[in-house]
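Text of entry-v6.cif, listed as mmCIF, C-alpha atoms:
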```
data_work
loop_
_atom_site.label_atom_id
_atom_site.label_comp_id
_atom_site.auth_asym_id
_atom_site.auth_seq_id
_atom_site.Cartn_x
_atom_site.Cartn_y
_atom_site.Cartn_z
CA MET A 1 -33.16 -0.67 -12.79
CA SER A 2 -30.78 1.71 -14.58
CA LEU A 3 -30.86 5.50 -14.62
CA ASP A 4 -33.08 7.22 -17.18
CA PHE A 5 -30.94 9.94 -18.75
CA ASP A 6 -33.91 12.09 -19.82
CA GLY A 7 -34.39 15.46 -18.10
CA GLY A 8 -31.90 17.67 -16.31
CA SER A 9 -29.52 16.86 -13.47
CA GLU A 10 -32.07 17.73 -10.80
CA VAL A 11 -34.65 15.39 -12.31
CA ARG A 12 -32.11 12.57 -12.65
CA PHE A 13 -30.90 13.10 -9.09
CA ALA A 14 -34.47 12.90 -7.76
CA ARG A 15 -35.02 9.62 -9.61
CA TYR A 16 -31.70 8.28 -8.37
CA VAL A 17 -32.47 9.08 -4.72
CA ALA A 18 -35.95 7.58 -5.13
CA GLY A 19 -34.26 4.34 -6.24
CA LEU A 20 -32.09 4.38 -3.12
CA ALA A 21 -35.08 5.16 -0.91
CA SER A 22 -36.79 1.99 -2.14
CA VAL A 23 -34.34 -0.15 -0.13
CA ILE A 24 -33.87 1.76 3.16
CA GLY A 25 -37.04 0.59 4.91
CA HIS A 26 -39.17 3.19 6.69
CA VAL A 27 -40.70 5.83 4.43
CA ASP A 28 -39.70 8.58 6.87
CA ARG A 29 -36.05 7.91 6.00
CA ALA A 30 -36.53 9.13 2.42
CA GLY A 31 -36.24 12.81 3.37
CA PRO A 32 -32.99 12.52 5.36
CA LEU A 33 -31.57 10.25 2.63
CA ARG A 34 -32.32 12.86 -0.02
CA ASP A 35 -30.90 15.67 2.09
CA TYR A 36 -27.74 13.78 3.07
CA CYS A 37 -26.99 12.84 -0.53
CA THR A 38 -27.78 16.41 -1.60
CA GLY A 39 -25.33 17.74 0.97
CA LEU A 40 -22.63 15.40 -0.34
CA VAL A 41 -22.95 16.52 -3.98
CA LEU A 42 -23.39 20.25 -3.28
CA PRO A 43 -20.21 22.36 -3.34
CA GLY A 44 -18.63 22.94 0.04
CA GLU A 45 -15.29 22.46 1.76
CA ARG A 46 -16.69 20.34 4.58
CA LYS A 47 -19.17 17.47 4.21
CA SER A 48 -19.70 16.62 7.88
CA VAL A 49 -23.26 16.68 9.24
CA GLU A 50 -23.43 20.24 10.60
CA PRO A 51 -22.42 22.14 7.42
CA MET A 52 -24.53 19.80 5.29
CA ALA A 53 -27.52 20.56 7.52
CA ALA A 54 -26.94 24.29 7.01
CA ARG A 55 -26.68 23.90 3.24
CA THR A 56 -29.74 21.68 2.84
CA ALA A 57 -32.06 23.41 5.35
CA PRO A 58 -30.74 26.92 6.11
CA ALA A 59 -34.02 27.99 7.76
CA ARG A 60 -34.01 25.11 10.29
CA THR A 61 -30.39 24.07 10.65
CA ALA A 62 -30.61 22.76 14.23
CA ALA A 63 -33.53 20.41 13.50
CA GLN A 64 -31.92 19.28 10.24
CA HIS A 65 -28.67 18.61 12.08
CA GLN A 66 -30.43 16.24 14.49
CA SER A 67 -32.31 14.53 11.65
CA LEU A 68 -29.18 13.84 9.63
CA LEU A 69 -27.23 12.72 12.71
CA HIS A 70 -29.90 10.16 13.54
CA PHE A 71 -30.18 8.97 9.95
CA VAL A 72 -26.45 8.33 9.52
CA GLY A 73 -25.44 7.34 13.04
CA VAL A 74 -28.43 5.52 14.54
CA ALA A 75 -30.91 4.33 11.88
CA THR A 76 -30.59 0.62 11.07
CA TRP A 77 -30.90 0.63 7.28
CA SER A 78 -28.73 -1.81 5.31
CA ASP A 79 -25.45 -0.66 3.75
CA GLU A 80 -25.45 -3.82 1.60
CA LYS A 81 -28.90 -3.09 0.12
CA VAL A 82 -28.05 0.52 -0.66
CA LEU A 83 -24.75 -0.42 -2.31
CA ALA A 84 -26.54 -3.10 -4.34
CA LYS A 85 -29.03 -0.49 -5.57
CA VAL A 86 -26.14 1.85 -6.46
CA ARG A 87 -24.56 -0.92 -8.54
CA GLU A 88 -27.89 -1.66 -10.22
CA MET A 89 -28.32 1.96 -11.27
CA VAL A 90 -24.72 2.99 -12.02
CA LEU A 91 -23.04 -0.04 -13.62
CA PRO A 92 -25.06 0.26 -16.87
CA ALA A 93 -23.72 3.81 -17.27
CA ILE A 94 -20.14 2.64 -16.70
CA GLU A 95 -20.55 -0.30 -19.11
CA LYS A 96 -21.77 1.97 -21.93
CA ASP A 97 -18.09 2.50 -22.75
CA GLY A 98 -17.11 -1.16 -22.40
CA PRO A 99 -17.38 -4.12 -20.04
CA ILE A 100 -15.90 -4.26 -16.56
CA GLU A 101 -12.22 -5.16 -16.92
CA ALA A 102 -10.84 -5.09 -13.38
CA TRP A 103 -11.57 -5.68 -9.71
CA ILE A 104 -9.28 -3.31 -7.81
CA ILE A 105 -8.41 -3.96 -4.16
CA ASP A 106 -6.78 -1.23 -2.08
CA ASP A 107 -7.08 0.59 1.21
CA THR A 108 -7.40 4.22 2.19
CA SER A 109 -6.77 5.98 5.48
CA PHE A 110 -8.17 8.89 7.49
CA PRO A 111 -5.93 10.72 10.00
CA LYS A 112 -7.66 11.09 13.38
CA GLN A 113 -6.94 12.71 16.73
CA GLY A 114 -7.58 10.85 19.99
CA LYS A 115 -8.38 7.17 20.41
CA HIS A 116 -12.17 6.93 20.60
CA SER A 117 -13.21 6.91 16.92
CA VAL A 118 -13.89 3.33 15.90
CA GLY A 119 -10.79 1.51 14.61
CA VAL A 120 -8.41 4.43 15.14
CA HIS A 121 -4.88 3.23 15.85
CA HIS A 122 -1.25 4.24 15.39
CA GLN A 123 -0.55 2.55 12.04
CA TYR A 124 0.66 3.33 8.53
CA CYS A 125 -1.37 6.20 7.09
CA GLY A 126 -1.14 6.38 3.30
CA GLN A 127 -2.57 9.90 3.23
CA LEU A 128 0.35 11.12 5.36
CA GLY A 129 2.94 8.62 4.09
CA LYS A 130 4.01 7.63 7.62
CA GLN A 131 2.87 5.95 10.85
CA ALA A 132 0.14 8.02 12.48
CA ASN A 133 -3.15 7.86 14.33
CA CYS A 134 -5.70 6.95 11.67
CA GLN A 135 -8.54 4.73 10.51
CA VAL A 136 -7.94 2.38 7.55
CA THR A 137 -10.55 0.84 5.26
CA VAL A 138 -10.26 -1.91 2.65
CA THR A 139 -12.26 -1.47 -0.54
CA LEU A 140 -13.07 -3.34 -3.73
CA SER A 141 -13.87 -1.34 -6.87
CA VAL A 142 -15.01 -2.54 -10.29
CA ALA A 143 -13.51 -0.65 -13.21
CA ASN A 144 -12.96 -0.29 -16.91
CA HIS A 145 -10.76 2.26 -18.64
CA THR A 146 -13.31 5.09 -18.39
CA ALA A 147 -14.79 4.76 -14.90
CA SER A 148 -14.82 2.84 -11.64
CA LEU A 149 -17.15 2.30 -8.70
CA PRO A 150 -16.47 1.05 -5.15
CA VAL A 151 -18.67 -1.98 -4.45
CA ALA A 152 -17.39 -3.13 -1.03
CA TYR A 153 -16.08 -1.07 1.89
CA ARG A 154 -14.95 -2.32 5.29
CA LEU A 155 -13.14 -0.71 8.22
CA TYR A 156 -10.00 -2.55 9.33
CA LEU A 157 -10.25 -3.22 13.08
CA PRO A 158 -6.76 -3.53 14.63
CA GLN A 159 -6.09 -6.30 17.14
CA ASP A 160 -6.07 -3.90 20.09
CA TRP A 161 -9.57 -2.83 19.17
CA SER A 162 -10.87 -6.32 18.45
CA LYS A 163 -9.91 -7.46 21.96
CA ASP A 164 -11.15 -4.36 23.83
CA ARG A 165 -14.74 -5.17 24.82
CA ALA A 166 -15.41 -1.78 26.38
CA ARG A 167 -14.33 0.20 23.32
CA ARG A 168 -16.14 -2.23 20.99
CA LYS A 169 -19.39 -1.83 22.91
CA LYS A 170 -19.13 1.96 23.04
CA ALA A 171 -18.45 2.17 19.28
CA GLY A 172 -21.16 -0.38 18.45
CA VAL A 173 -18.85 -2.86 16.72
CA PRO A 174 -20.99 -5.92 15.77
CA LYS A 175 -20.19 -9.09 17.72
CA GLU A 176 -19.44 -11.04 14.54
CA ILE A 177 -16.58 -8.69 13.62
CA LYS A 178 -13.33 -10.34 14.70
CA PHE A 179 -9.72 -9.43 14.03
CA THR A 180 -9.05 -9.93 10.33
CA THR A 181 -5.95 -8.83 8.44
CA LYS A 182 -6.34 -6.50 5.50
CA PRO A 183 -5.47 -9.23 2.94
CA GLU A 184 -8.06 -11.49 4.63
CA ILE A 185 -10.68 -8.72 4.31
CA ALA A 186 -9.70 -8.37 0.64
CA LEU A 187 -10.21 -12.08 0.01
CA GLU A 188 -13.60 -11.96 1.76
CA GLN A 189 -14.61 -9.10 -0.53
CA ILE A 190 -13.52 -11.03 -3.62
CA GLN A 191 -15.39 -14.12 -2.40
CA TRP A 192 -18.47 -11.97 -1.91
CA ALA A 193 -18.14 -10.43 -5.39
CA CYS A 194 -17.97 -13.90 -6.94
CA ALA A 195 -21.01 -15.09 -4.97
CA ALA A 196 -22.94 -11.91 -5.85
CA GLY A 197 -22.34 -12.48 -9.57
CA LEU A 198 -20.63 -9.15 -10.21
CA PRO A 199 -19.26 -8.69 -13.75
CA ARG A 200 -15.89 -10.45 -13.70
CA GLY A 201 -12.62 -8.57 -13.98
CA VAL A 202 -8.91 -9.18 -13.46
CA ALA A 203 -7.99 -8.55 -9.80
CA LEU A 204 -5.49 -5.70 -9.41
CA MET A 205 -3.68 -4.74 -6.20
CA ASP A 206 -0.39 -3.34 -4.97
CA ALA A 207 2.37 -5.23 -3.18
CA ALA A 208 0.79 -4.71 0.26
CA TYR A 209 -1.83 -7.23 -0.86
CA GLY A 210 -0.23 -9.00 -3.80
CA ASN A 211 2.69 -10.22 -1.72
CA ASP A 212 0.30 -12.28 0.44
CA SER A 213 0.50 -15.83 -0.98
CA ARG A 214 -2.72 -16.91 0.75
CA LEU A 215 -4.62 -14.11 -0.97
CA ARG A 216 -3.15 -15.07 -4.35
CA ALA A 217 -3.97 -18.74 -3.76
CA GLY A 218 -7.50 -17.81 -2.72
CA MET A 219 -8.08 -15.86 -5.94
CA THR A 220 -6.74 -18.76 -8.00
CA ALA A 221 -9.12 -21.14 -6.20
CA LEU A 222 -11.98 -18.80 -7.12
CA GLU A 223 -10.76 -18.70 -10.75
CA VAL A 224 -10.18 -14.95 -10.49
CA PRO A 225 -7.13 -14.02 -12.59
CA TYR A 226 -4.87 -11.34 -11.16
CA VAL A 227 -2.10 -8.84 -11.84
CA VAL A 228 -0.63 -7.99 -8.44
CA GLY A 229 2.36 -6.08 -7.19
CA ILE A 230 5.01 -8.05 -5.28
CA LEU A 231 8.25 -7.27 -3.46
CA PRO A 232 11.60 -7.86 -5.20
CA ASN A 233 12.56 -10.56 -2.66
CA THR A 234 9.61 -12.81 -3.60
CA LEU A 235 10.97 -16.31 -4.29
CA MET A 236 10.34 -18.15 -7.54
CA TRP A 237 11.68 -20.72 -9.97
CA ARG A 238 12.87 -19.64 -13.39
CA SER A 239 11.24 -21.23 -16.43
CA GLY A 240 12.58 -24.75 -16.86
CA THR A 241 13.18 -25.31 -13.14
CA GLY A 242 10.83 -26.25 -10.32
CA PRO A 243 10.50 -27.96 -6.95
CA ARG A 244 12.86 -30.88 -6.34
CA ARG A 245 10.97 -32.17 -3.31
CA LYS A 246 7.55 -33.57 -4.15
CA GLY A 247 4.75 -34.95 -2.03
CA LYS A 248 4.67 -32.43 0.82
CA PRO A 249 4.20 -28.68 1.16
CA LEU A 250 7.10 -26.26 1.28
CA ASN A 251 7.85 -24.70 4.64
CA ASN A 252 9.85 -21.74 5.92
CA THR A 253 13.10 -23.59 5.19
CA GLY A 254 12.14 -23.86 1.52
CA ARG A 255 15.12 -21.82 0.41
CA ARG A 256 17.53 -24.45 1.78
CA ASP A 257 15.43 -27.38 0.56
CA GLU A 258 14.97 -25.85 -2.89
CA PRO A 259 18.29 -24.41 -4.10
CA ASP A 260 16.80 -23.34 -7.46
CA LEU A 261 14.57 -20.73 -5.80
CA VAL A 262 15.71 -17.19 -6.59
CA SER A 263 14.28 -13.74 -5.91
CA ALA A 264 12.24 -11.75 -8.41
CA LYS A 265 15.04 -9.18 -8.46
CA ASP A 266 17.62 -11.84 -9.34
CA VAL A 267 15.39 -13.05 -12.18
CA ALA A 268 15.04 -9.50 -13.50
CA LEU A 269 18.75 -8.65 -13.33
CA ALA A 270 19.65 -11.86 -15.17
CA LEU A 271 17.41 -11.10 -18.16
CA PRO A 272 19.21 -10.28 -21.42
CA LYS A 273 19.09 -6.76 -22.82
CA ARG A 274 16.76 -7.86 -25.62
CA ALA A 275 14.09 -8.80 -23.03
CA TRP A 276 13.51 -5.13 -22.18
CA ARG A 277 11.26 -2.94 -24.29
CA THR A 278 9.56 0.44 -24.02
CA VAL A 279 5.79 0.19 -23.67
CA VAL A 280 3.25 3.02 -23.91
CA TRP A 281 0.10 2.21 -21.90
CA ARG A 282 -2.13 5.31 -21.87
CA GLU A 283 -2.33 9.05 -22.41
CA GLY A 284 -1.60 11.12 -19.33
CA SER A 285 -2.57 14.71 -18.58
CA ALA A 286 0.46 16.11 -20.41
CA ASP A 287 1.86 13.27 -22.54
CA PHE A 288 1.64 9.55 -23.23
CA LEU A 289 2.84 7.41 -20.32
CA SER A 290 5.62 4.95 -21.08
CA SER A 291 8.41 3.04 -19.40
CA ARG A 292 10.73 0.07 -19.94
CA PHE A 293 9.45 -3.41 -19.08
CA ALA A 294 10.39 -7.07 -19.30
CA ARG A 295 8.28 -10.17 -18.73
CA VAL A 296 9.12 -13.81 -18.22
CA ARG A 297 7.31 -16.99 -17.19
CA VAL A 298 8.08 -18.15 -13.64
CA SER A 299 6.66 -20.41 -10.93
CA VAL A 300 6.31 -18.87 -7.47
CA GLY A 301 7.39 -20.63 -4.28
CA HIS A 302 5.89 -19.83 -0.90
CA ASN A 303 5.25 -21.32 2.52
CA LYS A 304 2.76 -24.26 2.43
CA LEU A 305 2.91 -24.49 -1.36
CA ILE A 306 2.05 -28.01 -2.56
CA PRO A 307 4.55 -28.60 -5.39
CA GLU A 308 2.07 -30.63 -7.45
CA THR A 309 -0.28 -27.60 -7.63
CA LEU A 310 2.39 -25.27 -9.00
CA ARG A 311 1.35 -23.32 -12.10
CA PRO A 312 3.46 -20.96 -14.23
CA GLU A 313 2.56 -17.27 -14.31
CA TRP A 314 3.96 -14.03 -15.67
CA LEU A 315 6.59 -11.98 -13.84
CA LEU A 316 6.34 -8.41 -15.15
CA VAL A 317 9.13 -5.99 -14.22
CA GLU A 318 9.44 -2.23 -14.74
CA TRP A 319 12.91 -0.70 -15.03
CA PRO A 320 12.85 2.95 -16.15
CA GLU A 321 15.82 4.06 -18.24
CA ASP A 322 16.95 6.60 -15.62
CA GLU A 323 16.95 4.13 -12.70
CA THR A 324 19.88 1.99 -11.55
CA GLU A 325 17.71 -1.09 -10.90
CA PRO A 326 14.12 -2.30 -11.46
CA THR A 327 11.47 -0.32 -9.56
CA LYS A 328 8.27 -2.43 -9.74
CA TYR A 329 7.37 -6.11 -9.95
CA TRP A 330 4.06 -7.85 -10.69
CA LEU A 331 2.80 -11.43 -10.87
CA ALA A 332 0.01 -12.23 -13.33
CA THR A 333 -2.08 -15.36 -13.86
CA LEU A 334 -3.19 -14.19 -17.30
CA PRO A 335 -2.91 -16.48 -20.35
CA GLU A 336 0.52 -17.17 -21.78
CA THR A 337 -0.79 -15.77 -25.08
CA ILE A 338 -1.56 -12.28 -23.74
CA GLY A 339 0.24 -9.48 -25.55
CA PHE A 340 2.97 -7.45 -23.89
CA ARG A 341 1.13 -4.11 -24.02
CA PRO A 342 -2.23 -5.48 -22.73
CA LEU A 343 -0.36 -7.01 -19.78
CA VAL A 344 1.30 -3.68 -18.93
CA ASP A 345 -1.97 -1.85 -19.50
CA LEU A 346 -3.79 -4.02 -16.95
CA ALA A 347 -0.99 -3.69 -14.39
CA LYS A 348 -1.20 0.09 -14.70
CA LEU A 349 -5.03 0.23 -14.64
CA ARG A 350 -4.82 0.22 -10.83
CA TRP A 351 -4.44 4.02 -11.10
CA ARG A 352 -8.24 4.20 -11.27
CA ILE A 353 -8.49 3.43 -7.55
CA GLU A 354 -6.40 6.53 -6.83
CA ARG A 355 -8.97 8.54 -8.79
CA ASP A 356 -11.74 6.93 -6.74
CA TYR A 357 -10.17 7.95 -3.46
CA GLN A 358 -9.28 11.44 -4.65
CA GLU A 359 -12.82 12.21 -5.78
CA LEU A 360 -14.51 10.42 -2.87
CA LYS A 361 -12.48 12.52 -0.43
CA GLN A 362 -12.36 15.84 -2.28
CA GLU A 363 -15.77 15.93 -3.98
CA VAL A 364 -18.09 14.05 -1.62
CA GLY A 365 -16.33 14.19 1.75
CA LEU A 366 -15.56 10.53 2.42
CA GLY A 367 -13.17 11.43 5.25
CA HIS A 368 -15.32 14.15 6.82
CA TYR A 369 -17.48 12.03 9.11
CA GLU A 370 -17.05 13.16 12.73
CA GLY A 371 -18.96 10.42 14.55
CA ARG A 372 -17.18 7.64 16.41
CA GLY A 373 -19.38 4.59 15.87
CA TRP A 374 -19.13 1.62 13.52
CA ARG A 375 -22.62 2.07 12.04
CA GLY A 376 -22.25 5.78 11.34
CA PHE A 377 -18.79 5.34 9.85
CA HIS A 378 -20.07 2.76 7.34
CA HIS A 379 -23.39 4.55 6.70
CA HIS A 380 -21.52 7.74 5.81
CA ALA A 381 -19.20 5.83 3.47
CA THR A 382 -22.16 4.09 1.78
CA LEU A 383 -23.85 7.43 1.13
CA CYS A 384 -20.58 8.91 -0.17
CA ILE A 385 -20.30 5.97 -2.60
CA ALA A 386 -23.94 6.54 -3.61
CA ALA A 387 -23.24 10.24 -4.26
CA TYR A 388 -20.08 9.36 -6.16
CA GLY A 389 -22.04 6.81 -8.21
CA PHE A 390 -24.46 9.53 -9.27
CA LEU A 391 -21.56 11.75 -10.37
CA VAL A 392 -20.11 8.83 -12.38
CA ALA A 393 -23.47 8.23 -14.07
CA GLU A 394 -23.88 11.95 -14.78
CA ARG A 395 -20.58 12.04 -16.64
CA ALA A 396 -21.97 9.40 -18.99
CA THR A 397 -24.60 11.97 -20.10
CA ILE A 398 -21.94 14.50 -21.18
CA PRO A 399 -20.33 14.12 -24.63
CA PRO A 400 -16.51 13.79 -24.46
CA SER A 401 -16.11 17.26 -26.01
CA GLY A 402 -18.95 18.86 -24.05
CA PRO A 403 -18.45 21.22 -21.11
CA ARG A 404 -19.11 20.00 -17.58
CA PRO A 405 -21.45 22.08 -15.44
CA ALA A 406 -19.86 23.83 -12.48
CA THR A 407 -22.53 22.40 -10.16
CA LEU A 408 -25.15 19.70 -10.63
CA LEU A 409 -27.67 21.00 -8.09
CA PRO A 410 -28.52 24.56 -7.03
CA ALA A 411 -27.18 25.42 -3.59
CA PRO A 412 -29.45 27.36 -1.18
CA ARG A 413 -28.06 30.56 0.29
CA LEU A 414 -26.72 30.19 3.84
CA PRO A 415 -27.93 32.56 6.55
CA ASP A 416 -25.66 35.57 6.98
CA ASP A 417 -25.00 34.69 10.63
CA TYR A 418 -24.12 31.02 10.01
CA ARG A 419 -20.67 30.07 11.32
CA PRO A 420 -19.64 26.38 11.21
CA ARG A 421 -17.91 25.00 14.28
CA GLY A 422 -14.13 25.22 14.04
CA SER A 423 -14.09 28.07 11.51
CA ALA A 424 -11.70 30.96 12.06
CA VAL A 425 -14.62 33.40 12.20
CA ALA A 426 -16.42 31.35 14.86
CA ALA A 427 -13.30 30.97 17.01
#
```

What is this file in structure tokens?
Amino acid sequence: MSLDFDGGSEVRFARYVAGLASVIGHVDRAGPLRDYCTGLVLPGERKSVEPMAARTAPARTAAQHQSLLHFVGVATWSDEKVLAKVREMVLPAIEKDGPIEAWIIDDTSFPKQGKHSVGVHHQYCGQLGKQANCQVTVTLSVANHTASLPVAYRLYLPQDWSKDRARRKKAGVPKEIKFTTKPEIALEQIQWACAAGLPRGVALMDAAYGNDSRLRAGMTALEVPYVVGILPNTLMWRSGTGPRRKGKPLNNTGRRDEPDLVSAKDVALALPKRAWRTVVWREGSADFLSSRFARVRVSVGHNKLIPETLRPEWLLVEWPEDETEPTKYWLATLPETIGFRPLVDLAKLRWRIERDYQELKQEVGLGHYEGRGWRGFHHHATLCIAAYGFLVAERATIPPSGPRPATLLPAPRLPDDYRPRGSAVAA
């Protein structure tokens, strides 16, 4: 089932929500589903349950508040089925402009106060750029050059949480959820995408994931090509060299056992001047984006590598003219015949995930959920992805030169005496 683009936005939204309602079970969930998704796409600074209840049912806000709270925090509908229906309806709109080109893995964080919200922990918070109390989720998005859509979403549960039975029980963490690192969650999502038959793309991720050799090996085993960021100290053999010791895996002393291993930074600094060239990869908001790059074939060494399984891959390096040394490094298992610009273009396509997160947080309130439980956290995210999917599909109905409407759905007028909790007026 794909979206029918006939009619106005309200008609298309009603059909879209009806498609979602077909997979949530009880018929009495259709109303709260419609209202929750409506609240997410309506304009408003806050997309938590209380203000959405006021916007979607201003004459009966208290009853609507309880209805939406139960629907998102208690009701046992399937996130997987809803996300599958979103893909079914939205992917055809995305693929109108070309096939899926990339699977993008990343994580996003939500600063939190206190310690009771599920998964909250003092850890690196990308939104703040420092260690802080926050929740972190790992996501997989499918993308081409015009659009992207999250297809998998999972909260990272720190070790302290995974071992704390009391907190797990209070937050409703399922028994089957064990401690899993973020790269391990990423590999599980890629395995799932392969098993689900999603349109194949090149896996893209930053160095927080790409530097994990087990994740890279797992993608290779699944025949998923990748372009992944790595750290400059990643060890590798230059073209023409390779492991001297055969017959057993490398271990942590591999640098002593294999004297030809050098770092990615050493490889880059040893490249001749002619290896570097300026590449333009896409048009930005003000000008075309370009930088200086070099690429070379290498073979990567890592702990537990079996030398006989070693395969050459691309090392791509970015070194802007105004920098004193290279700034970014990628490994790519793309064909040796790939052109220089297409390789750079794919490495830089990861920017689409930043757009995902920006719009999911700013337009549909991904980080606004105020509940503390596992089910509600994931239900809210699923509905945010569903709302975002509708916005993505709607853009496909607008010609490139056509104006975008200020709002897709009419917003009811709030009661004059309505004051959301936490507002300056209500304080």

Just say which residues the PyMOL selection byres ((chain A and resi 209) around 9) picks in this file, as a ChimeraX atom specification.
/A:105-106,182-183,186,205-208,210-213,215-216,228-230

On this file, the PyMOL selection byres ((chain A and resi 160-164) around 12) gives some set of residues; write that set as a ChimeraX atom specification.
/A:115-123,135,155-159,165-181,374

Any chance you could export the current selection's C-alpha atoms as a JSON list (two decimals), in the coordinates of the input?
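again_4.json, written as the output of this step:
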```json
[["chain", "number", "residue", "atom", "x", "y", "z"],
["A", 115, "LYS", "CA", -8.38, 7.17, 20.41],
["A", 116, "HIS", "CA", -12.17, 6.93, 20.60],
["A", 117, "SER", "CA", -13.21, 6.91, 16.92],
["A", 118, "VAL", "CA", -13.89, 3.33, 15.90],
["A", 119, "GLY", "CA", -10.79, 1.51, 14.61],
["A", 120, "VAL", "CA", -8.41, 4.43, 15.14],
["A", 121, "HIS", "CA", -4.88, 3.23, 15.85],
["A", 122, "HIS", "CA", -1.25, 4.24, 15.39],
["A", 123, "GLN", "CA", -0.55, 2.55, 12.04],
["A", 135, "GLN", "CA", -8.54, 4.73, 10.51],
["A", 155, "LEU", "CA", -13.14, -0.71, 8.22],
["A", 156, "TYR", "CA", -10.00, -2.55, 9.33],
["A", 157, "LEU", "CA", -10.25, -3.22, 13.08],
["A", 158, "PRO", "CA", -6.76, -3.53, 14.63],
["A", 159, "GLN", "CA", -6.09, -6.30, 17.14],
["A", 165, "ARG", "CA", -14.74, -5.17, 24.82],
["A", 166, "ALA", "CA", -15.41, -1.78, 26.38],
["A", 167, "ARG", "CA", -14.33, 0.20, 23.32],
["A", 168, "ARG", "CA", -16.14, -2.23, 20.99],
["A", 169, "LYS", "CA", -19.39, -1.83, 22.91],
["A", 170, "LYS", "CA", -19.13, 1.96, 23.04],
["A", 171, "ALA", "CA", -18.45, 2.17, 19.28],
["A", 172, "GLY", "CA", -21.16, -0.38, 18.45],
["A", 173, "VAL", "CA", -18.85, -2.86, 16.72],
["A", 174, "PRO", "CA", -20.99, -5.92, 15.77],
["A", 175, "LYS", "CA", -20.19, -9.09, 17.72],
["A", 176, "GLU", "CA", -19.44, -11.04, 14.54],
["A", 177, "ILE", "CA", -16.58, -8.69, 13.62],
["A", 178, "LYS", "CA", -13.33, -10.34, 14.70],
["A", 179, "PHE", "CA", -9.72, -9.43, 14.03],
["A", 180, "THR", "CA", -9.05, -9.93, 10.33],
["A", 181, "THR", "CA", -5.95, -8.83, 8.44],
["A", 374, "TRP", "CA", -19.13, 1.62, 13.52]]
```

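A straight line drawn from atom CA of A:His26 to atom CA of A:Ser9 is 26.2 Å long.
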
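Closest approach to A:Lys273 among A:Ala294, A:Glu80, A:Gln113, A:Gly365: A:Ala294, based on all atoms listed in the file.
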
Write out as a count of residues only the residues lying within 12 Å of A:Glu283, counting all atoms listed in the file and excluding same-chain residues fewer than 4 positions away.
7

Can you spell out as a PyMOL selection string the set of residues that the PyMOL selection byres ((chain A and resi 44-54) around 6) selects in the structure I just provided?
chain A and resi 39+43+55-58+61+64-65+365+368-369

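Between atom CA of A:Ile190 and atom CA of A:Lys85 the interatomic distance comes to 18.9 Å.
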
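Each of A:Trp192, A:Phe293, A:Phe13, A:Tyr124 was compared to A:Trp330 using all atoms listed in the file, and A:Phe293 turns out to be the nearest.
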
Just want the 12 Å neighbourhood of A:Cys125, counted on only C-alpha atoms, with same-chain residues fewer than 3 positions away dropped. Output as a PDB file with C-alpha atoms, keeping the file's coordinate frame.
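Saved to out_20.pdb:
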```pdb
ATOM      1  CA  ASP A 107      -7.080   0.590   1.210  1.00  0.00           C
ATOM      2  CA  THR A 108      -7.400   4.220   2.190  1.00  0.00           C
ATOM      3  CA  SER A 109      -6.770   5.980   5.480  1.00  0.00           C
ATOM      4  CA  PHE A 110      -8.170   8.890   7.490  1.00  0.00           C
ATOM      5  CA  PRO A 111      -5.930  10.720  10.000  1.00  0.00           C
ATOM      6  CA  LYS A 112      -7.660  11.090  13.380  1.00  0.00           C
ATOM      7  CA  VAL A 120      -8.410   4.430  15.140  1.00  0.00           C
ATOM      8  CA  HIS A 121      -4.880   3.230  15.850  1.00  0.00           C
ATOM      9  CA  HIS A 122      -1.250   4.240  15.390  1.00  0.00           C
ATOM     10  CA  LEU A 128       0.350  11.120   5.360  1.00  0.00           C
ATOM     11  CA  GLY A 129       2.940   8.620   4.090  1.00  0.00           C
ATOM     12  CA  LYS A 130       4.010   7.630   7.620  1.00  0.00           C
ATOM     13  CA  GLN A 131       2.870   5.950  10.850  1.00  0.00           C
ATOM     14  CA  ALA A 132       0.140   8.020  12.480  1.00  0.00           C
ATOM     15  CA  ASN A 133      -3.150   7.860  14.330  1.00  0.00           C
ATOM     16  CA  CYS A 134      -5.700   6.950  11.670  1.00  0.00           C
ATOM     17  CA  GLN A 135      -8.540   4.730  10.510  1.00  0.00           C
ATOM     18  CA  VAL A 136      -7.940   2.380   7.550  1.00  0.00           C
ATOM     19  CA  THR A 137     -10.550   0.840   5.260  1.00  0.00           C
TER      20      THR A 137
END
```

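One distance worth recording is that between atom CA of A:Ala264 and atom CA of A:Arg311, which is 16.3 Å.
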
For A:Gly301: contacts at 7 Å, all atoms listed in the file, fewer than 3 positions along chain excluded, given as a VMD selection string
chain A and resid 235 to 236 305

List every protein, DNA or RNA residue that has an atom no more than 10 Å from (-35.4, 4.8, -7.5) in the file's coordinate frame, counting all atoms listed in the file, and report them as a CSV table (one decimal) with C-alpha atoms, keeping the file's coordinate frame.
```
chain,number,residue,atom,x,y,z
A,1,MET,CA,-33.2,-0.7,-12.8
A,2,SER,CA,-30.8,1.7,-14.6
A,3,LEU,CA,-30.9,5.5,-14.6
A,12,ARG,CA,-32.1,12.6,-12.6
A,13,PHE,CA,-30.9,13.1,-9.1
A,14,ALA,CA,-34.5,12.9,-7.8
A,15,ARG,CA,-35.0,9.6,-9.6
A,16,TYR,CA,-31.7,8.3,-8.4
A,17,VAL,CA,-32.5,9.1,-4.7
A,18,ALA,CA,-36.0,7.6,-5.1
A,19,GLY,CA,-34.3,4.3,-6.2
A,20,LEU,CA,-32.1,4.4,-3.1
A,21,ALA,CA,-35.1,5.2,-0.9
A,22,SER,CA,-36.8,2.0,-2.1
A,23,VAL,CA,-34.3,-0.2,-0.1
A,85,LYS,CA,-29.0,-0.5,-5.6
A,86,VAL,CA,-26.1,1.8,-6.5
A,89,MET,CA,-28.3,2.0,-11.3
```
